[in-house]
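Undergrad: coords-v1.cif is reproduced below (mmCIF, C-alpha atoms and all ligand atoms).
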```cif
data_input
loop_
_atom_site.label_atom_id
_atom_site.label_comp_id
_atom_site.auth_asym_id
_atom_site.auth_seq_id
_atom_site.Cartn_x
_atom_site.Cartn_y
_atom_site.Cartn_z
CA MET P 283 89.35 77.09 77.65
CA LYS P 284 86.76 76.10 80.25
CA ALA P 285 85.66 78.76 82.75
CA LEU P 286 82.89 79.51 85.22
CA VAL P 287 80.71 82.22 83.71
CA TYR P 288 78.20 84.53 85.45
CA ASN P 289 74.94 84.13 83.59
CA GLY P 290 72.63 86.18 85.84
CA PRO P 291 71.42 85.92 89.46
CA ARG P 292 72.02 82.45 90.95
CA ASP P 293 73.00 81.17 87.52
CA VAL P 294 76.65 80.31 86.91
CA ARG P 295 77.75 77.84 84.25
CA VAL P 296 80.95 76.19 83.11
CA LYS P 297 81.39 77.15 79.46
CA ASN P 298 84.01 77.29 76.75
CA VAL P 299 85.33 80.85 76.49
CA PRO P 300 88.19 82.38 74.45
CA ASP P 301 91.58 81.39 75.90
CA ALA P 302 93.21 83.82 78.34
CA LYS P 303 96.33 85.21 76.67
CA ILE P 304 99.20 87.64 77.10
CA GLU P 305 97.84 91.08 76.17
CA ARG P 306 100.67 93.35 77.32
CA PRO P 307 104.42 92.66 77.61
CA THR P 308 104.19 92.95 81.42
CA ASP P 309 101.65 90.05 81.66
CA VAL P 310 102.15 86.40 82.47
CA LEU P 311 99.77 83.53 81.81
CA VAL P 312 99.08 81.13 84.69
CA LYS P 313 97.62 77.64 84.48
CA ILE P 314 95.24 77.60 87.45
CA THR P 315 95.50 74.57 89.71
CA SER P 316 93.59 75.97 92.72
CA THR P 317 90.93 78.68 92.86
CA ASN P 318 88.53 79.29 95.75
CA ILE P 319 84.91 80.35 95.97
CA CYS P 320 84.66 83.40 98.24
CA GLY P 321 81.88 85.09 100.21
CA SER P 322 82.49 88.07 97.92
CA ASP P 323 81.57 85.94 94.89
CA LEU P 324 78.18 85.45 96.52
CA HIS P 325 77.33 89.18 96.35
CA MET P 326 77.63 88.80 92.56
CA TYR P 327 76.03 85.32 92.46
CA GLU P 328 72.96 86.62 94.31
CA GLY P 329 72.55 89.46 91.80
CA ARG P 330 73.35 92.14 94.41
CA THR P 331 75.90 93.90 92.14
CA ASP P 332 76.02 95.19 88.59
CA MET P 333 78.17 92.25 87.44
CA GLU P 334 77.95 91.89 83.66
CA GLU P 335 76.61 88.60 82.28
CA GLY P 336 79.23 86.53 80.49
CA ARG P 337 82.13 87.46 82.77
CA VAL P 338 84.38 84.84 84.37
CA LEU P 339 84.41 84.81 88.20
CA GLY P 340 87.27 83.93 90.56
CA HIS P 341 89.74 86.15 92.46
CA GLU P 342 91.47 83.61 94.78
CA ASN P 343 93.97 82.02 92.42
CA LEU P 344 97.11 79.89 92.45
CA GLY P 345 98.89 78.04 89.67
CA GLN P 346 101.94 77.54 87.50
CA VAL P 347 103.29 80.10 85.03
CA VAL P 348 103.10 78.80 81.44
CA GLU P 349 104.03 81.91 79.44
CA VAL P 350 105.71 85.24 80.23
CA GLY P 351 105.49 88.59 78.39
CA GLU P 352 108.60 90.18 76.88
CA ALA P 353 108.96 92.79 79.63
CA VAL P 354 108.72 90.35 82.55
CA ASP P 355 112.06 89.97 84.40
CA ARG P 356 111.50 88.20 87.67
CA ILE P 357 108.87 85.55 86.94
CA LYS P 358 109.78 82.51 84.84
CA VAL P 359 107.85 79.75 83.10
CA GLY P 360 107.37 76.92 85.60
CA ASP P 361 107.20 79.17 88.70
CA TRP P 362 104.42 78.38 91.16
CA VAL P 363 102.65 81.62 92.03
CA CYS P 364 99.78 82.84 94.19
CA LEU P 365 98.00 85.94 92.94
CA PRO P 366 96.65 88.63 95.28
CA PHE P 367 92.99 89.29 94.46
CA ASN P 368 93.97 92.95 93.97
CA VAL P 369 95.30 93.78 90.51
CA ALA P 370 97.84 96.52 91.21
CA CYS P 371 100.44 98.50 89.21
CA GLY P 372 103.17 98.91 91.82
CA PHE P 373 104.00 102.50 90.83
CA CYS P 374 101.00 104.73 91.68
CA LYS P 375 100.78 106.85 94.85
CA ASN P 376 98.78 104.20 96.73
CA CYS P 377 100.80 101.17 95.56
CA GLU P 378 104.01 102.96 96.58
CA ALA P 379 102.57 103.28 100.06
CA GLY P 380 101.69 99.56 100.18
CA LEU P 381 97.98 100.23 99.65
CA THR P 382 97.58 97.94 96.65
CA GLY P 383 93.87 97.46 97.34
CA PHE P 384 93.45 101.06 96.20
CA CYS P 385 95.63 101.08 93.07
CA LEU P 386 94.94 104.19 90.97
CA THR P 387 96.17 102.76 87.64
CA THR P 388 94.42 99.44 87.11
CA ASN P 389 90.80 100.63 87.36
CA PRO P 390 90.90 104.28 86.28
CA GLY P 391 88.35 106.60 87.85
CA THR P 392 88.16 104.61 91.08
CA ALA P 393 90.64 103.04 93.50
CA GLY P 394 91.28 99.30 93.40
CA ALA P 395 90.95 96.48 90.88
CA ALA P 396 90.39 92.72 91.16
CA TYR P 397 89.98 89.62 88.99
CA GLY P 398 86.42 88.60 88.12
CA PHE P 399 84.77 91.26 90.23
CA ALA P 400 81.86 93.72 89.79
CA GLY P 401 83.02 97.33 89.57
CA MET P 402 86.70 96.46 89.89
CA GLY P 403 87.95 96.63 86.34
CA PRO P 404 87.72 94.44 83.24
CA TYR P 405 89.95 91.62 84.53
CA SER P 406 88.75 88.09 83.94
CA GLY P 407 88.60 85.69 86.88
CA GLY P 408 90.57 82.54 87.62
CA GLN P 409 87.76 80.01 88.06
CA ALA P 410 89.05 78.88 84.70
CA GLU P 411 91.84 76.84 83.18
CA TYR P 412 94.09 79.87 82.59
CA LEU P 413 94.44 83.40 83.99
CA ARG P 414 96.09 86.50 82.57
CA VAL P 415 98.07 88.33 85.28
CA PRO P 416 98.87 92.01 84.56
CA TYR P 417 102.02 93.71 85.97
CA ALA P 418 103.18 90.21 86.75
CA ASP P 419 106.59 91.06 88.24
CA PHE P 420 104.76 93.09 90.89
CA ASN P 421 101.64 90.97 91.43
CA CYS P 422 102.95 87.38 91.50
CA LEU P 423 103.92 85.94 94.86
CA LYS P 424 106.51 83.32 93.96
CA LEU P 425 105.98 80.29 96.20
CA PRO P 426 108.67 78.21 97.93
CA ASP P 427 109.60 74.65 96.96
CA ASP P 428 106.76 73.14 99.00
CA ALA P 429 104.23 74.99 96.80
CA GLN P 430 102.46 71.83 95.68
CA GLU P 431 102.64 70.03 99.01
CA LYS P 432 101.03 73.00 100.83
CA GLU P 433 98.94 74.23 97.92
CA ASN P 434 95.70 74.34 99.95
CA ASP P 435 97.43 76.62 102.48
CA TYR P 436 99.17 78.87 99.97
CA VAL P 437 96.00 79.47 97.92
CA MET P 438 94.53 81.23 100.98
CA LEU P 439 97.23 83.91 100.52
CA SER P 440 95.27 85.22 97.53
CA ASP P 441 92.61 86.75 99.77
CA ILE P 442 91.11 85.42 102.97
CA PHE P 443 94.23 84.89 105.09
CA PRO P 444 95.60 88.40 104.35
CA THR P 445 92.04 89.77 104.68
CA GLY P 446 91.56 88.17 108.11
CA TRP P 447 95.00 89.49 109.07
CA HIS P 448 94.01 92.94 107.73
CA ALA P 449 90.93 92.94 109.99
CA THR P 450 93.19 92.47 113.01
CA GLU P 451 95.61 95.14 111.74
CA LEU P 452 92.78 97.64 111.17
CA ALA P 453 91.46 96.89 114.66
CA GLY P 454 94.99 97.28 116.08
CA VAL P 455 95.26 93.85 117.77
CA LYS P 456 98.31 93.54 120.04
CA PRO P 457 99.64 90.54 122.02
CA GLY P 458 97.64 89.88 125.17
CA GLU P 459 94.52 91.71 124.02
CA SER P 460 90.99 90.35 123.73
CA VAL P 461 89.34 90.33 120.30
CA VAL P 462 85.73 89.88 119.23
CA ILE P 463 84.99 88.84 115.66
CA TYR P 464 81.53 89.13 114.07
CA GLY P 465 81.15 86.54 111.30
CA CYS P 466 82.53 83.00 111.36
CA GLY P 467 82.76 82.51 107.60
CA PRO P 468 86.15 81.96 105.97
CA VAL P 469 87.20 85.58 106.59
CA GLY P 470 86.16 85.59 110.26
CA LEU P 471 87.89 82.23 110.79
CA MET P 472 91.07 83.67 109.25
CA ALA P 473 90.77 86.74 111.50
CA ALA P 474 90.59 84.33 114.46
CA HIS P 475 93.65 82.41 113.15
CA SER P 476 95.51 85.73 112.75
CA ALA P 477 94.55 87.00 116.21
CA MET P 478 95.80 83.70 117.71
CA ILE P 479 99.12 84.01 115.83
CA LYS P 480 99.45 87.59 117.07
CA GLY P 481 99.07 86.38 120.66
CA ALA P 482 95.58 87.58 121.59
CA SER P 483 94.64 86.44 125.08
CA LYS P 484 90.98 85.83 124.21
CA VAL P 485 89.33 85.41 120.81
CA ILE P 486 85.53 85.52 120.77
CA ILE P 487 83.63 84.81 117.55
CA VAL P 488 79.95 85.35 116.74
CA ASP P 489 77.75 83.59 114.16
CA SER P 490 74.68 81.36 114.05
CA HIS P 491 76.09 78.38 112.10
CA PRO P 492 77.07 75.60 114.54
CA ASP P 493 79.45 73.92 112.05
CA ARG P 494 81.42 77.12 111.52
CA LEU P 495 81.47 77.95 115.24
CA ALA P 496 82.69 74.42 116.03
CA LEU P 497 85.64 74.96 113.66
CA ALA P 498 86.55 78.18 115.48
CA GLU P 499 86.43 76.37 118.81
CA LYS P 500 88.95 73.86 117.48
CA ILE P 501 91.61 76.59 117.43
CA GLY P 502 90.66 77.80 120.90
CA ALA P 503 88.21 80.60 120.11
CA ILE P 504 85.15 81.17 122.31
CA ALA P 505 82.08 80.70 120.11
CA ILE P 506 78.87 82.69 120.56
CA ASP P 507 75.71 81.64 118.75
CA TYR P 508 73.73 84.89 118.45
CA SER P 509 70.57 83.00 117.54
CA LYS P 510 70.49 81.73 121.13
CA GLY P 511 70.74 85.05 122.98
CA SER P 512 72.28 88.51 122.83
CA ALA P 513 75.89 88.36 121.61
CA VAL P 514 76.64 91.77 123.13
CA GLU P 515 75.58 90.65 126.62
CA GLN P 516 77.69 87.49 126.41
CA ILE P 517 80.74 89.43 125.19
CA LEU P 518 80.40 91.95 128.04
CA GLU P 519 80.15 89.05 130.52
CA LEU P 520 83.32 87.51 129.09
CA THR P 521 85.21 90.81 129.38
CA ASP P 522 84.27 91.91 132.94
CA GLY P 523 81.61 94.27 131.62
CA GLU P 524 84.19 96.36 129.72
CA GLY P 525 83.99 94.99 126.20
CA ALA P 526 86.76 93.44 124.11
CA ASP P 527 89.93 95.45 123.38
CA ARG P 528 89.45 95.02 119.63
CA GLY P 529 86.60 94.14 117.26
CA CYS P 530 86.57 92.78 113.71
CA GLU P 531 83.63 93.03 111.29
CA CYS P 532 83.80 90.01 108.95
CA VAL P 533 80.18 89.91 107.71
CA GLY P 534 79.37 93.03 105.64
CA TYR P 535 76.22 94.69 104.31
CA GLN P 536 74.21 91.48 104.12
CA CYS P 537 74.40 90.86 107.87
CA HIS P 538 71.14 89.55 109.18
CA ASP P 539 69.13 88.69 112.28
CA PRO P 540 68.86 85.05 113.40
CA ALA P 541 65.73 84.61 111.23
CA GLY P 542 67.72 85.59 108.14
CA HIS P 543 66.25 89.08 107.63
CA GLU P 544 68.90 91.58 106.56
CA VAL P 545 69.59 94.31 109.14
CA PRO P 546 72.41 96.26 107.51
CA ASN P 547 73.51 98.16 110.65
CA ALA P 548 73.41 95.15 113.02
CA THR P 549 77.08 94.18 113.20
CA MET P 550 78.44 97.75 113.22
CA ASN P 551 76.24 98.83 116.12
CA ASP P 552 76.85 95.55 117.98
CA LEU P 553 80.59 96.14 117.60
CA VAL P 554 80.36 99.62 119.11
CA LYS P 555 78.61 98.00 122.11
CA SER P 556 80.95 94.98 122.29
CA VAL P 557 84.29 96.84 122.15
CA ARG P 558 85.63 98.72 125.16
CA ALA P 559 85.99 102.50 125.36
CA THR P 560 89.04 103.60 123.28
CA GLY P 561 89.15 100.20 121.54
CA GLY P 562 89.64 99.70 117.80
CA ILE P 563 87.26 98.26 115.19
CA GLY P 564 88.45 96.82 111.86
CA VAL P 565 85.84 96.41 109.11
CA VAL P 566 86.71 94.08 106.22
CA GLY P 567 83.15 92.84 105.59
CA VAL P 568 82.05 94.59 102.41
CA PHE P 569 79.70 97.60 102.51
CA LEU P 570 78.60 99.19 99.23
CA PRO P 571 77.95 102.81 98.22
CA LEU P 572 74.77 101.66 96.45
CA ASP P 573 72.71 98.52 97.08
CA PRO P 574 69.56 98.76 94.94
CA GLY P 575 68.72 95.12 95.77
CA SER P 576 68.26 95.86 99.47
CA SER P 577 64.77 96.08 100.94
CA ASP P 578 66.01 98.76 103.36
CA LYS P 579 65.40 102.33 102.13
CA LEU P 580 68.67 103.74 103.48
CA ALA P 581 70.76 100.73 102.49
CA LYS P 582 69.70 101.20 98.87
CA LYS P 583 71.80 104.39 99.05
CA GLY P 584 74.64 102.67 100.92
CA GLU P 585 73.65 104.29 104.24
CA ILE P 586 73.07 102.77 107.67
CA VAL P 587 71.76 104.16 110.96
CA PHE P 588 74.94 104.17 113.03
CA ASP P 589 75.17 104.74 116.82
CA PHE P 590 77.60 107.61 116.35
CA GLY P 591 76.91 109.09 119.78
CA LEU P 592 77.93 105.94 121.64
CA PHE P 593 80.89 105.48 119.31
CA TRP P 594 82.02 109.06 120.03
CA VAL P 595 81.53 108.85 123.78
CA LYS P 596 83.55 105.61 123.85
CA GLY P 597 86.40 107.27 121.91
CA GLN P 598 86.68 104.28 119.60
CA ARG P 599 88.40 104.13 116.23
CA ILE P 600 87.14 102.45 113.05
CA ALA P 601 89.20 101.52 109.99
CA THR P 602 87.75 99.93 106.87
CA GLY P 603 88.34 98.69 103.35
CA GLN P 604 89.68 96.08 100.96
CA ALA P 605 92.74 94.19 102.15
CA ASN P 606 96.06 95.24 100.65
CA VAL P 607 97.11 91.64 100.10
CA LYS P 608 100.67 92.46 99.07
CA ALA P 609 101.31 94.22 102.37
CA TYR P 610 101.13 90.86 104.13
CA ASN P 611 101.30 87.90 101.73
CA ARG P 612 105.09 87.47 101.73
CA TYR P 613 105.20 87.26 105.53
CA LEU P 614 102.12 85.08 105.85
CA CYS P 615 103.69 82.81 103.20
CA ASP P 616 106.77 82.48 105.40
CA LEU P 617 104.55 81.58 108.36
CA ILE P 618 102.96 78.78 106.30
CA HIS P 619 106.35 77.60 105.01
CA ALA P 620 107.67 77.49 108.58
CA GLY P 621 104.60 75.56 109.79
CA ARG P 622 103.45 78.40 112.07
CA ALA P 623 100.23 79.02 110.11
CA LYS P 624 97.93 76.49 108.46
CA PRO P 625 94.97 78.29 106.88
CA SER P 626 93.81 75.16 105.00
CA TRP P 627 92.26 74.01 108.25
CA ILE P 628 88.98 75.60 107.10
CA VAL P 629 88.77 73.78 103.72
CA SER P 630 85.67 71.59 103.50
CA HIS P 631 85.56 70.69 99.79
CA GLU P 632 88.00 70.20 96.91
CA LEU P 633 86.13 69.93 93.61
CA ALA P 634 86.65 70.00 89.86
CA LEU P 635 85.71 73.13 87.89
CA ASP P 636 82.69 71.32 86.42
CA GLU P 637 81.29 70.96 89.94
CA ALA P 638 81.43 74.73 90.60
CA PRO P 639 77.73 75.51 89.90
CA GLU P 640 76.64 72.94 92.53
CA ALA P 641 79.25 74.24 94.95
CA TYR P 642 78.02 77.84 94.54
CA LYS P 643 74.51 76.65 95.47
CA HIS P 644 75.65 74.94 98.67
CA PHE P 645 78.09 77.66 99.74
CA ASP P 646 75.46 80.36 99.08
CA ALA P 647 72.93 78.47 101.22
CA ARG P 648 75.65 78.17 103.92
CA ASP P 649 74.70 74.49 103.95
CA ASN P 650 76.04 72.55 106.89
CA GLY P 651 79.71 71.70 106.39
CA TRP P 652 80.30 73.95 103.33
CA THR P 653 82.91 76.25 104.89
CA LYS P 654 85.42 76.79 102.08
CA VAL P 655 85.55 75.33 98.58
CA ILE P 656 88.70 74.97 96.48
CA LEU P 657 88.20 74.25 92.78
CA HIS P 658 90.97 72.50 90.87
CA PRO P 659 90.54 73.41 87.17
CA ALA P 660 93.67 71.46 86.24
CA GLY P 661 92.07 68.80 88.37
CA ALA P 662 92.54 65.21 87.37
CA GLN P 663 96.30 64.91 87.83
CA LYS P 664 96.18 66.95 90.97
CA SER P 665 93.63 64.83 92.80
CA SER P 666 95.40 61.57 92.10
CA LYS P 667 98.85 62.96 92.84
CA ARG P 668 98.41 65.17 95.81
CA GLN P 669 95.08 64.78 97.48
CA SER P 670 95.43 62.87 100.70
CA THR P 671 93.18 59.89 101.29
CA GLN P 672 91.42 61.85 103.98
CA LYS P 673 90.70 64.74 101.60
CA LYS P 674 89.50 62.30 98.96
CA ALA P 675 87.07 60.90 101.48
CA VAL P 676 85.82 64.39 102.33
CA ARG P 677 85.36 65.15 98.64
CA LYS P 678 83.47 61.95 98.01
CA LYS P 679 81.27 62.55 101.00
CA ALA P 680 80.61 66.07 99.81
CA LEU P 681 79.53 64.97 96.37
CA HIS P 682 77.18 62.29 97.56
CA ALA P 683 75.72 63.94 100.66
CA HIS P 684 73.59 66.50 98.79
N1 LIG F 1 87.88 93.57 102.68
C1 LIG F 1 88.30 92.62 101.87
O1 LIG F 1 89.35 92.73 101.26
C2 LIG F 1 87.49 91.36 101.74
C3 LIG F 1 88.06 90.20 101.19
C4 LIG F 1 87.31 89.01 101.17
C5 LIG F 1 86.01 89.00 101.64
N2 LIG F 1 85.48 90.17 102.13
C6 LIG F 1 84.11 90.22 102.66
O2 LIG F 1 84.12 89.67 103.97
C7 LIG F 1 82.79 89.23 104.29
C8 LIG F 1 82.85 87.79 104.80
O3 LIG F 1 83.34 86.93 103.79
P1 LIG F 1 83.20 85.33 103.95
O4 LIG F 1 83.86 84.71 102.78
O5 LIG F 1 83.64 84.93 105.32
O6 LIG F 1 81.60 85.22 103.78
P2 LIG F 1 80.43 84.32 104.37
O7 LIG F 1 79.21 84.98 103.83
O8 LIG F 1 80.69 82.89 104.09
O9 LIG F 1 80.48 84.53 105.95
C9 LIG F 1 79.78 85.52 106.62
C10 LIG F 1 79.26 84.93 107.94
O10 LIG F 1 78.65 85.99 108.70
C11 LIG F 1 77.55 85.41 109.40
N3 LIG F 1 76.62 86.47 109.82
C12 LIG F 1 75.57 87.02 109.14
N4 LIG F 1 74.95 87.94 109.89
C13 LIG F 1 75.61 87.99 111.08
C14 LIG F 1 75.43 88.74 112.27
N5 LIG F 1 74.45 89.65 112.39
N6 LIG F 1 76.30 88.53 113.31
C15 LIG F 1 77.30 87.60 113.20
N7 LIG F 1 77.50 86.85 112.09
C16 LIG F 1 76.66 87.04 111.05
C17 LIG F 1 76.97 84.41 108.41
O11 LIG F 1 76.19 83.44 109.07
C18 LIG F 1 78.22 83.83 107.75
O12 LIG F 1 78.67 82.64 108.40
C19 LIG F 1 81.98 89.40 102.99
O13 LIG F 1 81.33 90.66 103.03
C20 LIG F 1 83.07 89.43 101.94
O14 LIG F 1 82.64 90.10 100.76
C21 LIG F 1 86.20 91.32 102.20
ZN ZN F 2 87.77 86.46 98.12
ZN ZN F 3 98.93 101.20 91.65
#
```
Step by step, read the file and then write its structure as structure tokens.

TA:
Amino acid sequence: MKALVYNGPRDVRVKNVPDAKIERPTDVLVKITSTNICGSDLHMYEGRTDMEEGRVLGHENLGQVVEVGEAVDRIKVGDWVCLPFNVACGFCKNCEAGLTGFCLTTNPGTAGAAYGFAGMGPYSGGQAEYLRVPYADFNCLKLPDDAQEKENDYVMLSDIFPTGWHATELAGVKPGESVVIYGCGPVGLMAAHSAMIKGASKVIIVDSHPDRLALAEKIGAIAIDYSKGSAVEQILELTDGEGADRGCECVGYQCHDPAGHEVPNATMNDLVKSVRATGGIGVVGVFLPLDPGSSDKLAKKGEIVFDFGLFWVKGQRIATGQANVKAYNRYLCDLIHAGRAKPSWIVSHELALDEAPEAYKHFDARDNGWTKVILHPAGAQKSSKRQSTQKKAVRKKALHAH
């Protein structure tokens, strides 16, 4: 089968690899029709992880089941399914508690596994024609009968919509509260979408990319361009000097100053200053225990200089970690089905698998207009059948503009 293979830093290629297949009776095999490129893929793409060469990337996957293992009860051939990026067992201590991002079975010796991911188990990714899904009865989210019609919305249930939602959960967002979000990439935009759905009174979002900020403004968020002045000062002005009730970190360890120089503690310390005393901070942006590729001495060891004194005096709370996708995906799916959520609003490009290496380049450069890319490995039929004329135009523009 064809798949996108990691070949070393900033080098990904579409190659023929051995077909994905059922390996255990609890597996199913899914023909992938939609698979996204994620900001997390970029940590690997940029060579900032110990990702092994030759592995297939892709953890945001949706498709149709083509084969089921002997021990699979619930999932049938022909079902349309969206797969959480977490590979979880369903029966360990953490899975039982709904914390499937920290499964103790699927990546022994640590907590949490994912498809096509450095340090998260041997599972192959879904930027490929087919994907093997372990513990399929537990992991597959079976989609409703509008699965194909709303495919671009449902594919966001694999990661970024639940992750944005998780940021607001970790921060403790309640109706009527004000929320500040650092990072206006796909995850930050989904945190803004989630905060709006939860009834936040004010959603403020910080980044330096005008195209991304303009998207956030379209759903009613207040955009702050931190390259044009202190974000903290503007947030305090917008919240009567108090700070926002809740803060979400949607950037991670590669956060940088407006000139692009990495300052690994920037967003965490800005959040402490931007959130009110006793407020909550949810951190879904990834921070690593080791980052040998960083130029910062402390960051190489996974450490940052954190304003703990101010944090303590303000009596704030911080919660962190991978999103437990299964804790939310069923409900967020119902919101999409009912027309109350539409996460596809951030999609900028729909491309074939062969176009993935180019797409990685543009998304990694955060080129203007490259907000979120969906790849369609089972592409040809899909584009002619389901892509709207408008989307076709976007795709065409995308291919010829760069
Ligand atoms: N916890 C989870 O389960 C989970 C899941 C998916 C993604 N993630 C992580 O979330 C983070 C964001 O993902 P994404 O796909 O949106 O990535 P992205 O890289 O496309 O977006 C990050 C955005 O942050 C902005 N940014 C950089 N420095 C900043 C600063 N100092 N202040 C404000 N904004 C700044 C960038 O300009 C960019 O637009 C990544 O670290 C990703 O790995 C976590
Ligand atoms: Zn992702
Ligand atoms: Zn488990």

Undergrad: State, in Å with one decimal place, the distance from atom CA of Phe588 of chain P to atom CA of Met550 of chain P.

TA: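 Atom-to-atom, atom CA of Phe588 of chain P and atom CA of Met550 of chain P are spaced 7.3 Å apart.
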
Undergrad: When you count all atoms listed in the file, which of these residues is closest to Val568 of chain P: P:Ile656, P:Val469, P:Val415, P:Ala429?

TA: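 Among the listed residues, P:Val469 lies closest to Val568 of chain P.
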
Undergrad: Please report the interatomic distance between atom CA of Cys374 of chain P and atom CA of Leu413 of chain P in Å with one decimal.

TA: 23.6 Å

Undergrad: How many Å lie between atom CA of Lys510 of chain P and atom C15 of ligand LIG 1 (chain F), rounded to one decimal?

TA: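 So the answer is 12.0 Å.
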
Undergrad: May I have a table of the residues of segment 412-500 of chain P lying at most 9 Å from segment 562-566 of chain P, giving each one's closest pair of atoms and their distance in Å to one decimal, counting all atoms listed in the file, ordered by chain and ascending residue number, as CSV?

TA:
```
residue,atom,partner,partner_atom,distance
P:Thr445,CA,P:Val566,CA,7.0
P:Gly446,CA,P:Val566,CA,7.9
P:His448,CA,P:Val566,CA,7.5
P:Ala449,CA,P:Gly564,CA,5.0
P:Thr450,CA,P:Gly564,CA,6.5
P:Glu451,CA,P:Gly564,CA,7.4
P:Leu452,CA,P:Gly564,CA,4.5
P:Ala453,CA,P:Gly564,CA,4.1
P:Gly454,CA,P:Gly562,CA,6.1
P:Val455,CA,P:Gly562,CA,8.1
P:Val469,CA,P:Val566,CA,8.5
```

Undergrad: Go ahead and save the picked residues with C-alpha atoms, as a PDB file, in the coordinates of the input.

TA:
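Output file again-v3.pdb is given in full below:
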```pdb
ATOM      1  CA  THR P 445      92.040  89.770 104.680  1.00  0.00           C
ATOM      2  CA  GLY P 446      91.560  88.170 108.110  1.00  0.00           C
ATOM      3  CA  HIS P 448      94.010  92.940 107.730  1.00  0.00           C
ATOM      4  CA  ALA P 449      90.930  92.940 109.990  1.00  0.00           C
ATOM      5  CA  THR P 450      93.190  92.470 113.010  1.00  0.00           C
ATOM      6  CA  GLU P 451      95.610  95.140 111.740  1.00  0.00           C
ATOM      7  CA  LEU P 452      92.780  97.640 111.170  1.00  0.00           C
ATOM      8  CA  ALA P 453      91.460  96.890 114.660  1.00  0.00           C
ATOM      9  CA  GLY P 454      94.990  97.280 116.080  1.00  0.00           C
ATOM     10  CA  VAL P 455      95.260  93.850 117.770  1.00  0.00           C
ATOM     11  CA  VAL P 469      87.200  85.580 106.590  1.00  0.00           C
TER      12      VAL P 469
END
```

Undergrad: Go through P:His538, P:Lys432, P:His341, P:Lys303 one by one, measure the shortest atom-to-atom distance of each to ligand LIG 1 (chain F) using all atoms listed in the file, and give the residue with the smallest value.

TA: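 Checking each candidate against ligand LIG 1 (chain F), we get P:His538 as the closest.
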
Undergrad: Can you pull out every residue with an atom within 7 Å of ligand ZN 3 (chain F)? Use only C-alpha atoms and all ligand atoms and format it as a count of residues only.

TA: 13

Undergrad: Using all atoms listed in the file, find the one residue out of P:Gly394, P:Gly340, P:Gly467, P:Gly529 that sits nearest to ligand ZN 2 (chain F).

TA: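 Checking each of P:Gly394, P:Gly340, P:Gly467, P:Gly529 against ligand ZN 2 (chain F), counting all atoms listed in the file, the winner is P:Gly340.
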
Undergrad: Smallest atom-to-atom distance to Ser490 of chain P: which of P:Met472, P:Ala559, P:Leu520, P:Cys537, using all atoms listed in the file?

TA: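 Using all atoms listed in the file, Ser490 of chain P sits closest to P:Cys537.
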
Undergrad: Kindly work out which residues sit at most 12 Å from ligand ZN 2 (chain F), using only C-alpha atoms and all ligand atoms, and give the list as an NGL selection string.

TA: :P and (317-326 or 339-343 or 365-368 or 396-399 or 407-409 or 437-446 or 467-469 or 472 or 566-568 or 604-605 or 607 or 654-656)

Undergrad: Given the choices P:Asp522, P:Asp435, P:Asp507, P:Asp332, which gets closest to ligand LIG 1 (chain F) if the distance is worked out from only C-alpha atoms and all ligand atoms?

TA: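 Under the stated criterion, the closest residue is P:Asp507.
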
Undergrad: Rank nothing, just name the residue among P:Leu471, P:Ala400, P:Val587, P:Val533 nearest to ligand LIG 1 (chain F), using only C-alpha atoms and all ligand atoms.

TA: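 Using only C-alpha atoms and all ligand atoms, the shortest distance to ligand LIG 1 (chain F) belongs to P:Val533.
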
Undergrad: Considering only C-alpha atoms, return as a ChimeraX atom specification whatever protein or nucleic-acid residues lie within 12 Å of segment 573-576 of chain P, sequence-local ones (same chain, fewer than 5 positions apart) excluded.

TA: /P:291,325-326,328-332,535-538,543-546,568,581-586

Undergrad: Would you mind exporting C-alpha atoms of the selected residues as an mmCIF file, in the coordinates of the input?

TA:
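Below is the file that was written, out.cif:
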```
data_model
loop_
_atom_site.group_PDB
_atom_site.id
_atom_site.type_symbol
_atom_site.label_atom_id
_atom_site.label_comp_id
_atom_site.auth_asym_id
_atom_site.auth_seq_id
_atom_site.Cartn_x
_atom_site.Cartn_y
_atom_site.Cartn_z
ATOM 1 C CA PRO P 291 71.420 85.920 89.460
ATOM 2 C CA HIS P 325 77.330 89.180 96.350
ATOM 3 C CA MET P 326 77.630 88.800 92.560
ATOM 4 C CA GLU P 328 72.960 86.620 94.310
ATOM 5 C CA GLY P 329 72.550 89.460 91.800
ATOM 6 C CA ARG P 330 73.350 92.140 94.410
ATOM 7 C CA THR P 331 75.900 93.900 92.140
ATOM 8 C CA ASP P 332 76.020 95.190 88.590
ATOM 9 C CA TYR P 535 76.220 94.690 104.310
ATOM 10 C CA GLN P 536 74.210 91.480 104.120
ATOM 11 C CA CYS P 537 74.400 90.860 107.870
ATOM 12 C CA HIS P 538 71.140 89.550 109.180
ATOM 13 C CA HIS P 543 66.250 89.080 107.630
ATOM 14 C CA GLU P 544 68.900 91.580 106.560
ATOM 15 C CA VAL P 545 69.590 94.310 109.140
ATOM 16 C CA PRO P 546 72.410 96.260 107.510
ATOM 17 C CA VAL P 568 82.050 94.590 102.410
ATOM 18 C CA ALA P 581 70.760 100.730 102.490
ATOM 19 C CA LYS P 582 69.700 101.200 98.870
ATOM 20 C CA LYS P 583 71.800 104.390 99.050
ATOM 21 C CA GLY P 584 74.640 102.670 100.920
ATOM 22 C CA GLU P 585 73.650 104.290 104.240
ATOM 23 C CA ILE P 586 73.070 102.770 107.670
#
```

Undergrad: Which residues are close to segment 590-595 of chain P, i.e. within 10 Å by all atoms listed in the file, leaving aside same-chain residues fewer than 4 positions away? Reply as a list in words.

TA: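 Counting all atoms listed in the file, the residues come to Asn551, Leu553, Val554, Lys555, Val557, Ala559, Thr560, Arg599 and Ile600 of chain P.
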